[in-house]
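Enquirer: Next up is a structure, given as structure tokens.
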Amino acid sequence: MSHTIDAVILAAGKGTRMKSDLPKVLHKISGRPLLDHVLDTSAAAGIDRMVVVVGHMASLVEETCHREGIEFILQEPQLGTGHAVQMAVPALREGGFCVVLAGDVPLLRINTLKRLVQGTVESEAAAVVLTCVVDDATSYGRIIKDEDGKICKIVEAVDATLDELAVGEYNTGVFCFRTERLIEALDNLTTDNQQGEYYLTDTVAWLVDQGHRVEAVMTKDPDEVVGINTVDELAAAAELLARRNA
């Protein structure tokens, strides 16, 4: 790609439901850590600089997954996804674009990530979010649109009203921002929510309020954007990846 594209990969979580002290992103499918799959996908999508935000057993994550073109940033304490990206800001290059995604989405397809980046670069949008539509979005943040069908905010499930919870389009946690707009929005985050954390998703409402456009790129396959939080989900992801490779 001719544009500067950075990626911030969120990999600080402990993964308490994995029944192991091992950092969640170091659990393996197809013989390799979850984080390695995400790094491979990002590199194949044309992203040449990746900033990995680590926390739990940070040195082990860095030792296991270090490669050329990666910088590791420590998030301590861990105050939410927005706070994690704030920690990465000094490592971002000016004037380009920034992809933000989690280190536990090993099934994300290269072409999907390319579509997201291309959709941001080719549009006038300040940000583009990868979304998916299902009958029941359970604990995922909902994509809330205005009467003209334009994104106005993302509401986390724990903060959502009943009407908002009925929305089937959800935030997959994969974003692409114009870097300068991302930094401005991060500077204006607050912890005014049920969890008392800095939500990355709140950048969307702030950008819209400032008159910027936020758009969506959709995937029709919820399997490719599922995060791994339990041993059962890890096994299911391994089976899906094996079928895909076959």
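Within each chain, counting starts at residue 1; across the structure tokens, chains are named A, B, ... in the order shown, with ligands numbered 1 upward in that order.
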If we count only C-alpha atoms and set the cut-off at 10 Å, which residues sit around A:Gly82, ignoring sequence neighbours fewer than 5 positions away in its own chain? Please answer as a list in words.
Expert: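 The neighbour list is Met87, Ala185, Leu186, Asp187, Leu189, Thr190, Thr191, Glu197, Tyr198, Tyr199, Leu200, Thr201, Asp202 and Thr203 of chain A.
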Enquirer: Got a sec: who's within 10 Å of A:Lys220, counting only C-alpha atoms, leaving out chain neighbours fewer than 6 positions off, as a list in words?
Expert: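 Counting only C-alpha atoms, the residues come to Thr131, Cys132, Val133 and Val134 of chain A.
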Enquirer: For N, CA and C atoms, I'd like the residues from the last selection saved as a PDB file, in the first residue's frame.
Expert:
```pdb
ATOM      1  N   THR A 131     -18.166  -4.555  10.878  1.00  0.00           N
ATOM      2  CA  THR A 131     -19.373  -4.984  11.576  1.00  0.00           C
ATOM      3  C   THR A 131     -19.857  -6.326  11.040  1.00  0.00           C
ATOM      4  N   CYS A 132     -20.796  -6.905  11.771  1.00  0.00           N
ATOM      5  CA  CYS A 132     -21.432  -8.153  11.357  1.00  0.00           C
ATOM      6  C   CYS A 132     -22.869  -8.116  11.868  1.00  0.00           C
ATOM      7  N   VAL A 133     -23.757  -8.823  11.200  1.00  0.00           N
ATOM      8  CA  VAL A 133     -25.169  -8.853  11.600  1.00  0.00           C
ATOM      9  C   VAL A 133     -25.568 -10.290  11.945  1.00  0.00           C
ATOM     10  N   VAL A 134     -26.128 -10.450  13.128  1.00  0.00           N
ATOM     11  CA  VAL A 134     -26.637 -11.746  13.576  1.00  0.00           C
ATOM     12  C   VAL A 134     -27.995 -11.519  14.235  1.00  0.00           C
TER      13      VAL A 134
END
```
Enquirer: Can you list, as a ChimeraX atom specification, every protein, DNA or RNA residue that comes within 10 Å of A:Gln118 when you count only C-alpha atoms, leaving out same-chain residues fewer than 6 positions away?
Expert: /A:1,112,128,176,217
Enquirer: Could you dump the residues just selected with C-alpha atoms as a PDB file, in the first residue's frame?
Expert:
```
ATOM      1  CA  MET A   1       0.000   0.000   0.000  1.00  0.00           C
ATOM      2  CA  THR A 112     -11.533  -8.720   5.060  1.00  0.00           C
ATOM      3  CA  VAL A 128     -14.393   2.619   9.472  1.00  0.00           C
ATOM      4  CA  CYS A 176      -9.374   1.482  10.815  1.00  0.00           C
ATOM      5  CA  VAL A 217     -17.499  -2.447   6.290  1.00  0.00           C
TER       6      VAL A 217
END
```
Enquirer: Could you pull out the strand (DSSP E or B) residues of stretch 6-154 of chain A from DSSP and send them as a PyMOL selection string?
Expert: chain A and resi 6-11+28-29+32-33+49-54+70-74+97-102+127-133+142-145+151-154
Enquirer: Which residues come within 12 Å of A:Gln210, counting only C-alpha atoms, excluding same-chain residues fewer than 6 positions away, as a ChimeraX atom specification?
Expert: /A:126,152,181,184-185,188,203-204
Enquirer: The selected residues should be written to file as an mmCIF file, in the first residue's frame (atoms: N, CA and C atoms).
Expert:
```cif
data_model
loop_
_atom_site.group_PDB
_atom_site.id
_atom_site.type_symbol
_atom_site.label_atom_id
_atom_site.label_comp_id
_atom_site.auth_asym_id
_atom_site.auth_seq_id
_atom_site.Cartn_x
_atom_site.Cartn_y
_atom_site.Cartn_z
ATOM 1 N N ALA A 126 -13.494 9.412 8.891
ATOM 2 C CA ALA A 126 -12.459 9.469 9.916
ATOM 3 C C ALA A 126 -12.127 8.080 10.430
ATOM 4 N N CYS A 152 -23.919 6.573 14.299
ATOM 5 C CA CYS A 152 -23.786 7.698 15.224
ATOM 6 C C CYS A 152 -23.043 7.315 16.496
ATOM 7 N N ARG A 181 -7.176 11.629 13.483
ATOM 8 C CA ARG A 181 -8.519 11.658 14.084
ATOM 9 C C ARG A 181 -8.588 10.723 15.293
ATOM 10 N N GLU A 184 -7.021 12.486 18.299
ATOM 11 C CA GLU A 184 -7.916 13.519 18.826
ATOM 12 C C GLU A 184 -9.032 12.897 19.665
ATOM 13 N N ALA A 185 -9.614 11.817 19.141
ATOM 14 C CA ALA A 185 -10.724 11.170 19.847
ATOM 15 C C ALA A 185 -10.256 10.522 21.145
ATOM 16 N N ASN A 188 -10.115 12.661 24.151
ATOM 17 C CA ASN A 188 -11.387 13.127 24.706
ATOM 18 C C ASN A 188 -12.232 12.004 25.322
ATOM 19 N N THR A 203 -14.837 6.502 20.848
ATOM 20 C CA THR A 203 -14.250 7.400 19.851
ATOM 21 C C THR A 203 -15.222 7.655 18.703
ATOM 22 N N VAL A 204 -16.088 6.671 18.424
ATOM 23 C CA VAL A 204 -17.022 6.806 17.305
ATOM 24 C C VAL A 204 -17.996 7.955 17.546
#
```
Enquirer: Which residue gives the smallest distance to A:Ala205 among A:Leu101, A:Leu130, A:Val155, A:Leu60, with only C-alpha atoms counted?
Expert: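 Result for the nearest residue to A:Ala205: A:Val155.
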Enquirer: Have a look at A:Ala12, A:Val158, A:Cys65, A:Leu116 and name the one nearest to A:Gly46; count only C-alpha atoms.
Expert: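 Of the candidates, the smallest distance to A:Gly46 is held by A:Leu116.
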Enquirer: Please return as a VMD selection string: the residues of stretch 53-238 of chain A that backbone DSSP assigns to alpha helix (DSSP H).
Expert: chain A and resid 58 to 65 81 to 88 110 to 121 162 to 165 179 to 186 202 to 209 231 to 238
Enquirer: My list of candidates is A:Ala127, A:Val225, A:Leu34, A:Leu182. Which is closest to A:Leu113 when distances are computed with only C-alpha atoms?
Expert: A:Val225
Enquirer: Can you work out which one of A:Asp36, A:Asp159, A:Asp232, A:Asp6 has the shortest atom-to-atom distance to A:Val105, counting only C-alpha atoms?
Expert: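 With only C-alpha atoms as the atom set, the closest residue is A:Asp36.
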Enquirer: Figure out the distance between atom CA of A:Arg115 and atom CA of A:Glu62, please, to one decimal in Å.
Expert: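 About the pair atom CA of A:Glu62 and atom CA of A:Arg115: they are 28.7 Å apart.
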Enquirer: Report, in Å to a single decimal, how far apart atom CA of A:Ala43 and atom CA of A:Arg93 are.
Expert: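 Between atom CA of A:Arg93 and atom CA of A:Ala43 the gap works out to 16.6 Å.
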